[in-house]
file upload_0.txt (compact mmCIF, C-alpha atoms and all ligand atoms)
# COMPACT_ATOMS: atom_id res chain seq x y z
CA MET A 28 -17.43 12.36 33.57
CA ALA A 29 -13.89 11.08 32.98
CA TYR A 30 -13.84 7.39 33.88
CA GLY A 31 -10.69 5.53 34.94
CA PHE A 32 -8.93 2.87 32.88
CA ASP A 33 -10.54 -0.10 34.69
CA THR A 34 -14.01 1.28 34.01
CA LEU A 35 -13.28 2.13 30.38
CA GLN A 36 -11.80 -1.29 29.58
CA ILE A 37 -15.25 -2.73 30.37
CA HIS A 38 -17.59 0.00 29.15
CA ALA A 39 -15.98 2.17 26.45
CA GLY A 40 -17.81 1.91 23.13
CA ALA A 41 -20.48 -0.48 24.43
CA ARG A 42 -24.07 0.03 25.50
CA PRO A 43 -27.01 -2.32 25.91
CA ASP A 44 -28.14 -3.55 22.50
CA PRO A 45 -30.83 -1.10 21.31
CA ALA A 46 -32.93 -3.89 19.75
CA THR A 47 -32.94 -6.46 22.58
CA GLY A 48 -31.35 -4.88 25.66
CA ALA A 49 -28.62 -7.51 25.57
CA ARG A 50 -26.05 -6.29 28.11
CA GLN A 51 -23.04 -7.94 26.48
CA THR A 52 -22.11 -6.74 22.98
CA PRO A 53 -23.76 -9.15 20.50
CA ILE A 54 -21.74 -10.82 17.77
CA TYR A 55 -23.37 -9.21 14.73
CA GLN A 56 -22.77 -12.15 12.42
CA THR A 57 -23.90 -10.52 9.20
CA THR A 58 -22.24 -9.44 6.00
CA ALA A 59 -24.77 -6.77 4.97
CA TYR A 60 -27.26 -4.26 6.42
CA VAL A 61 -30.65 -3.26 5.01
CA PHE A 62 -30.85 0.32 3.71
CA ARG A 63 -33.86 2.40 4.80
CA ASP A 64 -34.34 3.47 1.18
CA ALA A 65 -32.35 4.39 -1.93
CA ASP A 66 -31.47 7.87 -0.60
CA HIS A 67 -30.09 6.35 2.58
CA ALA A 68 -27.97 3.94 0.55
CA ALA A 69 -26.65 6.79 -1.62
CA ALA A 70 -25.78 8.91 1.44
CA LEU A 71 -23.87 6.00 2.99
CA PHE A 72 -21.94 5.30 -0.19
CA ASN A 73 -21.02 9.00 -0.51
CA LEU A 74 -19.76 9.09 3.12
CA GLN A 75 -22.35 11.82 3.78
CA GLU A 76 -23.88 9.68 6.49
CA VAL A 77 -22.13 7.23 8.80
CA GLY A 78 -23.68 3.77 8.98
CA TYR A 79 -23.33 0.15 8.05
CA ILE A 80 -23.15 -1.04 4.44
CA TYR A 81 -21.11 -4.22 4.26
CA SER A 82 -18.94 -5.96 6.87
CA ARG A 83 -15.72 -5.64 4.86
CA LEU A 84 -15.89 -1.96 5.89
CA THR A 85 -17.82 -1.80 9.15
CA ASN A 86 -19.56 -4.16 11.57
CA PRO A 87 -21.24 -3.21 14.87
CA THR A 88 -19.25 -5.70 17.00
CA VAL A 89 -15.97 -4.59 15.46
CA ALA A 90 -17.06 -0.94 15.88
CA VAL A 91 -17.39 -1.42 19.66
CA LEU A 92 -13.86 -2.83 19.79
CA GLN A 93 -12.56 0.05 17.70
CA GLU A 94 -14.06 2.61 20.04
CA ARG A 95 -12.83 0.72 23.09
CA ILE A 96 -9.21 0.57 21.91
CA ALA A 97 -9.28 4.20 20.69
CA THR A 98 -10.55 5.28 24.12
CA LEU A 99 -7.96 3.27 26.06
CA GLU A 100 -5.16 4.67 23.88
CA GLY A 101 -6.50 8.23 24.11
CA GLY A 102 -6.96 8.42 20.32
CA GLN A 103 -9.66 9.99 18.15
CA GLY A 104 -10.50 6.83 16.23
CA ALA A 105 -9.35 3.31 15.45
CA VAL A 106 -9.63 0.79 12.64
CA CYS A 107 -9.46 -2.90 13.45
CA CYS A 108 -8.15 -5.38 10.94
CA SER A 109 -7.32 -9.04 10.49
CA SER A 110 -3.90 -9.21 12.20
CA GLY A 111 -1.08 -7.14 13.60
CA HIS A 112 0.74 -7.41 10.30
CA ALA A 113 -2.35 -6.13 8.51
CA ALA A 114 -2.42 -3.20 10.95
CA GLN A 115 1.13 -2.25 9.97
CA ILE A 116 0.21 -2.19 6.27
CA MET A 117 -3.02 -0.31 7.08
CA ALA A 118 -1.02 2.31 9.02
CA LEU A 119 1.57 2.79 6.30
CA PHE A 120 -0.70 2.55 3.24
CA PRO A 121 -2.17 6.11 3.39
CA LEU A 122 1.30 7.57 3.98
CA MET A 123 3.44 5.70 1.49
CA ALA A 124 3.87 5.58 -2.29
CA PRO A 125 6.43 3.97 -4.61
CA GLY A 126 9.86 5.53 -3.97
CA LYS A 127 8.97 6.58 -0.42
CA ASN A 128 10.58 5.28 2.75
CA PHE A 129 10.14 5.22 6.52
CA VAL A 130 12.72 5.07 9.27
CA THR A 131 12.30 2.17 11.68
CA SER A 132 13.89 0.58 14.70
CA ASN A 133 16.06 -2.46 14.01
CA ARG A 134 14.70 -4.00 17.21
CA LEU A 135 11.34 -5.33 16.05
CA TYR A 136 9.24 -8.47 16.10
CA GLY A 137 10.91 -10.87 13.62
CA GLY A 138 7.90 -10.94 11.30
CA SER A 139 7.96 -7.15 11.13
CA VAL A 140 11.64 -7.14 10.17
CA THR A 141 10.79 -9.51 7.31
CA GLN A 142 7.67 -7.56 6.28
CA PHE A 143 9.64 -4.30 6.27
CA SER A 144 12.93 -5.53 4.78
CA GLN A 145 11.47 -7.82 2.09
CA THR A 146 7.78 -7.78 1.28
CA ILE A 147 7.07 -4.05 1.19
CA LYS A 148 9.79 -3.62 -1.43
CA ARG A 149 7.24 -5.00 -3.91
CA PHE A 150 5.12 -1.92 -3.24
CA GLY A 151 8.17 0.25 -3.95
CA TRP A 152 8.42 1.17 -0.25
CA THR A 153 11.68 1.08 1.68
CA ALA A 154 12.30 0.70 5.41
CA LYS A 155 15.49 2.26 6.74
CA PHE A 156 16.57 0.31 9.84
CA VAL A 157 18.42 2.24 12.55
CA ASP A 158 19.31 1.87 16.23
CA ILE A 159 16.28 3.71 17.58
CA ASP A 160 18.25 4.82 20.69
CA ASP A 161 20.76 6.65 18.48
CA TYR A 162 18.83 9.88 17.88
CA ASP A 163 21.47 11.31 15.54
CA ALA A 164 21.17 8.19 13.40
CA VAL A 165 17.35 8.44 13.41
CA ALA A 166 17.43 12.12 12.36
CA ALA A 167 20.17 11.47 9.78
CA ALA A 168 18.15 8.63 8.18
CA VAL A 169 15.27 11.03 7.41
CA ASP A 170 15.41 12.34 3.83
CA SER A 171 12.97 14.16 1.54
CA ASP A 172 11.19 10.87 0.69
CA THR A 173 10.75 9.79 4.32
CA GLN A 174 7.08 9.55 5.32
CA ALA A 175 7.15 8.24 8.91
CA ILE A 176 9.18 6.97 11.85
CA PHE A 177 8.25 3.56 13.31
CA THR A 178 9.15 1.90 16.62
CA GLU A 179 7.88 -0.65 19.13
CA THR A 180 7.26 0.57 22.69
CA ILE A 181 8.66 -2.49 24.44
CA ALA A 182 10.69 -4.16 21.73
CA ASN A 183 10.04 -7.78 20.94
CA PRO A 184 11.95 -9.92 21.84
CA GLY A 185 14.38 -8.10 24.15
CA GLY A 186 11.93 -5.99 26.14
CA HIS A 187 13.91 -2.79 25.40
CA ILE A 188 11.87 0.35 25.98
CA ALA A 189 11.96 3.07 23.30
CA ASP A 190 12.02 6.71 24.41
CA ILE A 191 8.83 7.65 22.59
CA ARG A 192 8.98 11.28 23.71
CA ALA A 193 12.47 11.76 22.23
CA LEU A 194 11.40 10.07 18.98
CA ALA A 195 8.24 12.18 18.80
CA ASP A 196 10.42 15.31 19.02
CA ILE A 197 12.53 14.12 16.09
CA ALA A 198 9.40 13.26 14.08
CA ASP A 199 7.85 16.66 14.89
CA LYS A 200 10.91 18.56 13.75
CA ALA A 201 10.90 16.58 10.49
CA GLY A 202 7.14 17.08 10.00
CA LEU A 203 6.55 13.33 10.10
CA PRO A 204 4.09 11.08 11.93
CA LEU A 205 5.52 8.76 14.60
CA ILE A 206 3.99 5.27 14.45
CA VAL A 207 4.30 3.18 17.63
CA ASP A 208 3.64 -0.56 17.82
CA ASN A 209 2.25 -0.78 21.37
CA THR A 210 1.52 -4.53 21.26
CA SER A 211 3.81 -5.65 24.06
CA ALA A 212 3.06 -2.72 26.38
CA THR A 213 -0.71 -2.32 25.81
CA PRO A 214 -2.38 1.00 26.70
CA TYR A 215 -2.43 -0.10 30.35
CA LEU A 216 1.36 0.11 30.66
CA CYS A 217 2.07 2.81 28.07
CA ARG A 218 0.05 5.48 26.28
CA PRO A 219 2.18 6.48 23.28
CA ILE A 220 -0.20 9.25 22.14
CA GLU A 221 0.33 11.12 25.44
CA LEU A 222 4.07 10.87 24.73
CA GLY A 223 3.66 12.39 21.26
CA ALA A 224 2.93 9.43 18.94
CA THR A 225 0.70 10.10 15.91
CA LEU A 226 -0.50 6.55 15.25
CA VAL A 227 -0.51 3.46 17.46
CA VAL A 228 -0.66 -0.04 15.97
CA HIS A 229 -1.49 -3.27 17.75
CA SER A 230 -1.45 -6.95 17.25
CA THR A 231 -4.63 -7.58 19.26
CA THR A 232 -3.68 -11.26 18.93
CA LYS A 233 -1.45 -10.76 21.97
CA TYR A 234 -2.19 -9.12 25.34
CA LEU A 235 -5.38 -7.30 24.31
CA THR A 236 -7.10 -10.63 23.66
CA GLY A 237 -4.87 -12.32 26.20
CA THR A 238 -6.05 -15.88 25.71
CA GLY A 239 -4.24 -16.95 22.55
CA THR A 240 -7.50 -17.48 20.67
CA VAL A 241 -7.94 -15.08 17.75
CA MET A 242 -5.84 -13.02 15.35
CA GLY A 243 -6.41 -9.30 15.04
CA GLY A 244 -4.87 -5.89 14.63
CA CYS A 245 -5.73 -2.26 15.17
CA VAL A 246 -4.56 1.19 14.03
CA VAL A 247 -5.36 4.05 16.41
CA ASP A 248 -5.09 7.66 15.25
CA SER A 249 -4.28 10.42 17.74
CA GLY A 250 -6.07 12.92 15.48
CA ASN A 251 -3.19 15.33 16.18
CA PHE A 252 -1.35 15.34 12.86
CA ASP A 253 -1.90 18.02 10.23
CA TRP A 254 -2.02 15.87 7.09
CA SER A 255 -2.43 18.92 4.81
CA ALA A 256 0.48 21.07 6.08
CA SER A 257 3.33 19.73 3.96
CA GLY A 258 1.71 18.27 0.84
CA LYS A 259 3.53 15.00 1.66
CA PHE A 260 0.35 13.02 2.32
CA PRO A 261 -1.86 13.44 -0.76
CA SER A 262 -4.02 10.39 0.06
CA LEU A 263 -5.34 12.33 3.04
CA SER A 264 -5.11 15.93 1.80
CA GLU A 265 -5.92 15.73 -1.94
CA PRO A 266 -9.19 14.86 -3.72
CA GLU A 267 -10.02 11.11 -3.66
CA PRO A 268 -11.29 10.10 -7.11
CA ALA A 269 -13.20 7.06 -5.78
CA TYR A 270 -15.32 9.39 -3.57
CA HIS A 271 -16.16 12.14 -6.08
CA GLY A 272 -13.08 14.21 -5.19
CA LEU A 273 -13.68 14.24 -1.43
CA LYS A 274 -10.64 15.40 0.60
CA PHE A 275 -10.41 13.26 3.74
CA HIS A 276 -8.50 15.71 5.95
CA GLU A 277 -10.58 18.72 4.95
CA THR A 278 -13.85 16.79 5.39
CA PHE A 279 -13.18 14.68 8.49
CA GLY A 280 -10.50 16.69 10.37
CA PRO A 281 -9.08 14.66 13.25
CA LEU A 282 -10.99 11.57 12.04
CA ALA A 283 -9.42 11.73 8.54
CA PHE A 284 -7.01 8.84 9.05
CA THR A 285 -9.72 6.63 10.57
CA PHE A 286 -12.26 7.34 7.82
CA HIS A 287 -9.61 6.77 5.16
CA GLY A 288 -8.65 3.50 6.86
CA ILE A 289 -12.22 2.24 6.59
CA ALA A 290 -13.44 3.84 3.37
CA VAL A 291 -10.30 3.17 1.33
CA GLY A 292 -8.07 0.85 3.39
CA LEU A 293 -10.58 -1.83 4.37
CA ARG A 294 -12.69 -1.32 1.25
CA ASP A 295 -9.77 -1.95 -1.14
CA LEU A 296 -7.20 -3.96 0.83
CA GLY A 297 -9.87 -6.07 2.53
CA MET A 298 -7.88 -6.95 5.68
CA THR A 299 -11.06 -6.98 7.74
CA MET A 300 -11.48 -8.21 11.31
CA ASN A 301 -14.39 -10.64 11.69
CA PRO A 302 -17.00 -10.11 14.43
CA GLN A 303 -16.13 -13.37 16.24
CA ALA A 304 -12.55 -12.18 16.66
CA ALA A 305 -13.78 -8.78 17.86
CA HIS A 306 -15.95 -10.57 20.45
CA TYR A 307 -13.04 -12.59 21.88
CA THR A 308 -10.87 -9.48 22.00
CA LEU A 309 -13.60 -7.45 23.72
CA MET A 310 -13.85 -10.22 26.34
CA GLY A 311 -10.08 -10.12 26.81
CA ILE A 312 -9.88 -6.35 27.19
CA GLU A 313 -12.38 -6.40 30.07
CA THR A 314 -9.60 -7.85 32.28
CA LEU A 315 -6.60 -6.17 30.64
CA SER A 316 -5.42 -4.15 33.65
CA LEU A 317 -5.71 -7.12 36.04
CA ARG A 318 -3.79 -9.37 33.70
CA MET A 319 -1.07 -6.81 32.95
CA GLN A 320 -0.50 -6.23 36.68
CA ARG A 321 0.08 -9.94 37.14
CA HIS A 322 2.24 -10.24 33.99
CA VAL A 323 4.45 -7.44 35.35
CA GLU A 324 4.60 -8.85 38.88
CA ASN A 325 5.46 -12.36 37.64
CA ALA A 326 7.99 -11.11 35.08
CA GLY A 327 9.77 -9.11 37.79
CA LYS A 328 10.03 -12.16 40.07
CA VAL A 329 11.09 -14.58 37.33
CA ALA A 330 13.61 -12.17 35.75
CA ALA A 331 15.24 -11.45 39.13
CA TRP A 332 15.47 -15.17 39.86
CA LEU A 333 16.92 -15.97 36.43
CA GLU A 334 19.50 -13.19 36.67
CA GLN A 335 21.20 -14.83 39.64
CA HIS A 336 21.10 -18.37 38.18
CA PRO A 337 24.57 -19.87 37.52
CA HIS A 338 23.64 -21.08 33.98
CA VAL A 339 22.31 -17.69 32.90
CA ALA A 340 24.57 -15.17 31.13
CA ALA A 341 22.13 -12.26 30.91
CA VAL A 342 18.47 -11.23 31.30
CA THR A 343 17.13 -8.25 29.33
CA TYR A 344 14.05 -7.36 31.39
CA ALA A 345 13.81 -3.55 31.64
CA GLY A 346 12.16 -3.92 35.06
CA LEU A 347 15.48 -5.13 36.54
CA PRO A 348 17.64 -2.43 38.18
CA SER A 349 20.59 -3.80 36.15
CA SER A 350 18.87 -2.97 32.82
CA PRO A 351 20.12 0.10 30.91
CA TYR A 352 16.44 0.73 30.14
CA ASN A 353 15.35 0.71 33.77
CA ASP A 354 15.12 4.52 34.03
CA ARG A 355 12.69 4.57 31.09
CA VAL A 356 10.13 2.40 32.88
CA GLU A 357 8.99 5.31 35.05
CA ARG A 358 8.81 7.79 32.15
CA ILE A 359 7.47 5.59 29.33
CA CYS A 360 5.75 2.58 30.93
CA PRO A 361 4.83 3.87 34.40
CA LYS A 362 2.80 0.78 35.32
CA GLY A 363 5.61 -1.67 34.56
CA ALA A 364 7.99 -3.06 31.97
CA GLY A 365 5.65 -5.74 30.61
CA GLY A 366 6.02 -9.51 30.56
CA LEU A 367 8.44 -10.05 27.71
CA PHE A 368 12.21 -10.45 27.83
CA THR A 369 15.07 -12.64 26.71
CA VAL A 370 17.45 -14.79 28.66
CA ALA A 371 20.92 -15.64 27.34
CA LEU A 372 22.27 -19.02 28.43
CA LYS A 373 25.95 -19.66 29.07
CA GLY A 374 25.69 -22.90 27.08
CA GLY A 375 24.81 -21.05 23.83
CA TYR A 376 22.66 -22.41 21.00
CA ASP A 377 22.72 -26.08 22.11
CA ALA A 378 21.73 -25.27 25.69
CA CYS A 379 18.89 -23.03 24.43
CA VAL A 380 17.42 -25.79 22.28
CA LYS A 381 17.65 -28.31 25.16
CA PHE A 382 16.22 -25.78 27.61
CA VAL A 383 13.19 -25.09 25.40
CA ASP A 384 12.64 -28.83 24.90
CA SER A 385 12.84 -29.53 28.65
CA LEU A 386 10.25 -27.00 29.83
CA GLU A 387 6.93 -28.53 30.87
CA LEU A 388 4.69 -25.70 32.06
CA PHE A 389 5.99 -23.19 29.51
CA SER A 390 4.71 -23.84 25.99
CA HIS A 391 7.10 -23.66 23.05
CA VAL A 392 5.08 -21.53 20.63
CA ALA A 393 5.41 -18.60 18.25
CA ASN A 394 3.19 -16.29 20.26
CA LEU A 395 3.34 -13.92 23.20
CA GLY A 396 0.98 -12.11 25.51
CA ASP A 397 -1.06 -15.20 26.40
CA ALA A 398 -2.32 -15.95 29.93
CA ARG A 399 -0.01 -18.98 29.67
CA SER A 400 3.76 -18.64 29.89
CA LEU A 401 5.40 -19.11 26.52
CA VAL A 402 8.92 -19.57 25.31
CA ILE A 403 10.65 -19.59 21.96
CA HIS A 404 14.17 -19.81 20.66
CA SER A 405 14.00 -16.83 18.33
CA ALA A 406 17.13 -17.59 16.30
CA SER A 407 15.78 -20.96 15.14
CA THR A 408 12.17 -19.75 14.63
CA THR A 409 10.70 -16.20 14.48
CA HIS A 410 14.05 -14.59 13.64
CA ARG A 411 15.29 -17.51 11.51
CA GLN A 412 14.97 -15.63 8.19
CA LEU A 413 17.19 -12.82 9.50
CA THR A 414 20.93 -12.54 8.88
CA PRO A 415 23.20 -13.07 11.94
CA GLU A 416 23.71 -9.27 12.03
CA GLN A 417 19.94 -8.64 11.97
CA GLN A 418 19.47 -11.26 14.71
CA GLN A 419 22.06 -9.60 16.96
CA ALA A 420 20.61 -6.14 16.33
CA ALA A 421 17.13 -7.41 17.16
CA GLY A 422 18.39 -8.97 20.40
CA ALA A 423 17.68 -12.46 19.07
CA GLY A 424 21.11 -14.04 18.82
CA PRO A 425 21.59 -17.85 18.91
CA GLU A 426 22.33 -17.89 22.68
CA VAL A 427 19.04 -16.18 23.52
CA VAL A 428 15.58 -17.52 24.45
CA ARG A 429 12.51 -15.27 24.44
CA ILE A 430 10.16 -15.61 27.39
CA SER A 431 6.59 -14.34 27.61
CA ILE A 432 5.58 -14.57 31.24
CA GLY A 433 1.96 -15.54 31.87
CA ILE A 434 -0.30 -15.06 34.85
CA GLU A 435 0.22 -18.43 36.57
CA ASP A 436 1.81 -18.78 40.04
CA ALA A 437 5.32 -17.33 39.81
CA ASP A 438 6.71 -20.12 42.01
CA ASP A 439 5.50 -22.77 39.55
CA LEU A 440 7.12 -20.90 36.65
CA ILE A 441 10.42 -20.64 38.53
CA ALA A 442 10.37 -24.35 39.42
CA ASP A 443 9.83 -25.27 35.76
CA LEU A 444 12.63 -22.96 34.58
CA ASP A 445 14.94 -24.40 37.24
CA GLN A 446 14.50 -28.02 36.19
CA ALA A 447 14.86 -27.11 32.48
CA LEU A 448 18.03 -25.07 33.08
CA ASN A 449 19.55 -27.94 35.06
CA THR A 450 18.63 -30.44 32.32
CA ALA A 451 20.01 -28.18 29.58
CA HIS A 452 23.35 -27.89 31.34
CA GLY A 453 23.44 -31.40 32.82
C1 LIG A 501 2.78 -10.46 16.91
C2 LIG A 501 3.29 -9.11 16.65
C3 LIG A 501 3.03 -8.48 15.43
C4 LIG A 501 2.27 -9.14 14.31
O1 LIG A 501 0.96 -9.40 14.72
P1 LIG A 501 0.06 -10.60 14.12
O2 LIG A 501 -1.22 -10.44 14.83
O3 LIG A 501 0.79 -11.88 14.45
O4 LIG A 501 -0.01 -10.36 12.64
C5 LIG A 501 3.50 -7.19 15.26
N1 LIG A 501 4.21 -6.57 16.24
C6 LIG A 501 4.46 -7.15 17.41
C7 LIG A 501 5.21 -6.40 18.45
C8 LIG A 501 4.02 -8.44 17.67
O5 LIG A 501 4.28 -9.01 18.84

call {"tool": "encode", "arguments": {"input": "upload_0.txt", "output": "structure tokens", "more": "lines below"}}
Ligand SMILES: *Cc1c(COP(=O)(O)O)cnc(C)c1O
result
Amino acid sequence: MAYGFDTLQIHAGARPDPATGARQTPIYQTTAYVFRDADHAAALFNLQEVGYIYSRLTNPTVAVLQERIATLEGGQGAVCCSSGHAAQIMALFPLMAPGKNFVTSNRLYGGSVTQFSQTIKRFGWTAKFVDIDDYDAVAAAVDSDTQAIFTETIANPGGHIADIRALADIADKAGLPLIVDNTSATPYLCRPIELGATLVVHSTTKYLTGTGTVMGGCVVDSGNFDWSASGKFPSLSEPEPAYHGLKFHETFGPLAFTFHGIAVGLRDLGMTMNPQAAHYTLMGIETLSLRMQRHVENAGKVAAWLEQHPHVAAVTYAGLPSSPYNDRVERICPKGAGGLFTVALKGGYDACVKFVDSLELFSHVANLGDARSLVIHSASTTHRQLTPEQQQAAGAGPEVVRISIGIEDADDLIADLDQALNTAHG
């Protein structure tokens, strides 16, 4: 039977604990698992049998979360890890090698711009930043060393929606996987795999957990990419020396990327999610659809109110009819444009700083996707390390404040914004 989203967000991957009947998924707080005998241990270590060895690789609580997220995204498998940034490295690691590059949107979470423009250079990887809406520029940036195309669904901070279907076509023609960061949309609002994405990455820190409690990340594989076709992805298609010459794609088919992520990625990079974090995120996902509906409803009300405010220069919410991205909501994010957008104030940088300092209900934090409404002045914080050109491209100029709308009463949020706007311009 094919269950609906609301049923799957509660049940997918979970079943009563076989040992105790516990209805809720237990937190398996253990580092290791007893082998039945030496043959069993050998079979596990050879990947001939699937089971638990050591919690750096697999843990039963984390495994439930992996199956739940894979199911909600419509993927074949998923690997959870310690943060959203870890998920990005885990997604790229099997694809990349020194001298290789990937093409990426220039509208990304500030930390991702830094990770991609600075830190990965030490691995010999290069990110080529392009305007992801300029399809000629995306196609032109692909060269013989390009290994992937990367975008966010609803771009942080501006809330711009990427046309995943158009990007998947470009990736297909180039024989490349499309990686989509679906953090700000969540699988409730957008299902990138149905639109042609190969891999989906998440910061589960955000809406999936939804309470601002634990860090986490996830890589979901669609299982649809032929890793052996071009010879470009030897980690997945060629013999793996650390597993007696096993070829992941040949052996595991549509689960190749997931098995590689656990057996090589987590084993050797060690960016493991802990079972406590998996527990909090499982609790969060049980109410994902209800929360996202309210995030979208509140964001629509607040954005429309802000847009007509005399101190406001612009609001980027794609759910507003005035947004150039409004026609993509129906096609890409049919259940709504999310809860994240920016507001540009007529008073510029100084007004933004005063505005952020004057808010009482909104918290000034470097986070998004919490049940609470959050605000941050990107140019002086998350996007601070970026050049002015990078800030503008990312939609995080000095006159702009990022807003993550929570699930409180919309009227209370509007009242708080009103008093802060008046103070900032007083
Ligand atoms: C927060 C975020 C990340 C990074 O995730 P962490 O869990 O903070 O490491 C990546 N992408 C997007 C869109 C984010 O919002």

call {"tool": "residues_near_ligand", "arguments": {"input": "upload_0.txt", "ligand": "ligand LIG 501 (chain A)", "cutoff": "6 Å", "atoms": "all atoms listed in the file", "output": "PyMOL selection string"}}
result
chain A and resi 110-112+136+183+210-211+230+232+242-244

call {"tool": "residues_near_point", "arguments": {"input": "upload_0.txt", "point": "(11.6, -7.1, 20.1)", "cutoff": "8 Å", "atoms": "only C-alpha atoms", "output": "PyMOL selection string"}}
result
chain A and resi 134-137+179+181-187+421-422

call {"tool": "residues_around", "arguments": {"input": "upload_0.txt", "residues": "Trp152 in chain A", "least_positions_apart": "6", "cutoff": "12 Å", "atoms": "only C-alpha atoms", "output": "PyMOL selection string"}}
result
chain A and resi 116+119-120+122-130+142-146+172-175

call {"tool": "residues_around", "arguments": {"input": "upload_0.txt", "residues": "Leu99 in chain A", "least_positions_apart": "5", "cutoff": "7 Å", "atoms": "all atoms listed in the file", "output": "VMD selection string"}}
result
chain A and resid 32 35 to 36 214

call {"tool": "closest_residue", "arguments": {"input": "upload_0.txt", "among": "A:Asp397, A:Asp44, A:Asp384, A:Asp199", "to": "Asn251 in chain A", "atoms": "all atoms listed in the file"}}
result
A:Asp199

call {"tool": "residues_near_point", "arguments": {"input": "upload_0.txt", "point": "(-11.6, -8.5, 23.8)", "cutoff": "9 Å", "atoms": "all atoms listed in the file", "output": "PyMOL selection string"}}
result
chain A and resi 92+231+235-237+304-315

call {"tool": "atom_distance", "arguments": {"input": "upload_0.txt", "atom1": "CA of Arg95 in chain A", "atom2": "CA of Ser132 in chain A"}}
result
28.0 Å

call {"tool": "closest_residue", "arguments": {"input": "upload_0.txt", "among": "A:Arg83, A:Lys233, A:His338, A:His38", "to": "Gly288 in chain A", "atoms": "all atoms listed in the file"}}
result
A:Arg83

call {"tool": "atom_distance", "arguments": {"input": "upload_0.txt", "atom1": "CA of Val165 in chain A", "atom2": "CA of Arg411 in chain A"}}
result
26.1 Å

call {"tool": "closest_residue", "arguments": {"input": "upload_0.txt", "among": "A:Leu372, A:Leu388, A:Leu395, A:Ala41", "to": "Ala212 in chain A", "atoms": "only C-alpha atoms"}}
result
A:Leu395

call {"tool": "atom_distance", "arguments": {"input": "upload_0.txt", "atom1": "CA of Leu263 in chain A", "atom2": "CA of Phe177 in chain A"}}
result
19.2 Å

call {"tool": "closest_residue", "arguments": {"input": "upload_0.txt", "among": "A:Ala46, A:Ile197, A:Met298, A:Ala224", "to": "Gly101 in chain A", "atoms": "all atoms listed in the file"}}
result
A:Ala224

call {"tool": "closest_residue", "arguments": {"input": "upload_0.txt", "among": "A:Ala340, A:Ala326, A:Ile80, A:Ile434", "to": "Ala68 in chain A", "atoms": "all atoms listed in the file"}}
result
A:Ile80

call {"tool": "residues_around", "arguments": {"input": "upload_0.txt", "residues": "range 272-277 of chain A", "least_positions_apart": "4", "cutoff": "8 Å", "atoms": "all atoms listed in the file", "output": "ChimeraX atom specification"}}
result
/A:254-255,262-268,281-284,286-287

call {"tool": "residues_around", "arguments": {"input": "upload_0.txt", "residues": "Gln56 in chain A", "least_positions_apart": "3", "cutoff": "10 Å", "atoms": "all atoms listed in the file", "output": "PDB file with C-alpha atoms, in the frame of the given file"}}
result
ATOM      1  CA  PRO A  53     -23.760  -9.150  20.500  1.00  0.00           C
ATOM      2  CA  ALA A  59     -24.770  -6.770   4.970  1.00  0.00           C
ATOM      3  CA  SER A  82     -18.940  -5.960   6.870  1.00  0.00           C
ATOM      4  CA  ASN A  86     -19.560  -4.160  11.570  1.00  0.00           C
ATOM      5  CA  PRO A  87     -21.240  -3.210  14.870  1.00  0.00           C
ATOM      6  CA  THR A  88     -19.250  -5.700  17.000  1.00  0.00           C
ATOM      7  CA  ASN A 301     -14.390 -10.640  11.690  1.00  0.00           C
ATOM      8  CA  PRO A 302     -17.000 -10.110  14.430  1.00  0.00           C
ATOM      9  CA  GLN A 303     -16.130 -13.370  16.240  1.00  0.00           C
TER      10      GLN A 303
END

call {"tool": "residues_around", "arguments": {"input": "upload_0.txt", "residues": "Arg294 in chain A", "least_positions_apart": "3", "cutoff": "8 Å", "atoms": "all atoms listed in the file", "output": "ChimeraX atom specification"}}
result
/A:83-84,289-291,297

call {"tool": "closest_residue", "arguments": {"input": "upload_0.txt", "among": "A:Ala364, A:Pro121, A:Phe382, A:Asp33", "to": "Phe260 in chain A", "atoms": "all atoms listed in the file"}}
result
A:Pro121

call {"tool": "decode", "arguments": {"input": "upload_0.txt", "residues": "range 313-317 of chain A", "atoms": "N, CA, C and O atoms", "output": "JSON list (two decimals), in the first residue's frame"}}
result
[["chain", "number", "residue", "atom", "x", "y", "z"],
["A", 313, "GLU", "N", 8.02, 13.95, 12.62],
["A", 313, "GLU", "CA", 6.63, 13.48, 12.82],
["A", 313, "GLU", "C", 5.60, 14.58, 12.56],
["A", 313, "GLU", "O", 4.46, 14.31, 12.20],
["A", 314, "THR", "N", 6.01, 15.86, 12.77],
["A", 314, "THR", "CA", 5.07, 16.97, 12.56],
["A", 314, "THR", "C", 5.49, 17.88, 11.40],
["A", 314, "THR", "O", 5.03, 19.02, 11.30],
["A", 315, "LEU", "N", 6.35, 17.37, 10.53],
["A", 315, "LEU", "CA", 6.90, 18.22, 9.46],
["A", 315, "LEU", "C", 5.82, 18.89, 8.63],
["A", 315, "LEU", "O", 5.85, 20.10, 8.41],
["A", 316, "SER", "N", 4.86, 18.12, 8.14],
["A", 316, "SER", "CA", 3.87, 18.71, 7.22],
["A", 316, "SER", "C", 3.04, 19.78, 7.92],
["A", 316, "SER", "O", 2.73, 20.83, 7.34],
["A", 317, "LEU", "N", 2.69, 19.54, 9.19],
["A", 317, "LEU", "CA", 1.87, 20.52, 9.92],
["A", 317, "LEU", "C", 2.64, 21.82, 10.12],
["A", 317, "LEU", "O", 2.10, 22.92, 9.96]]
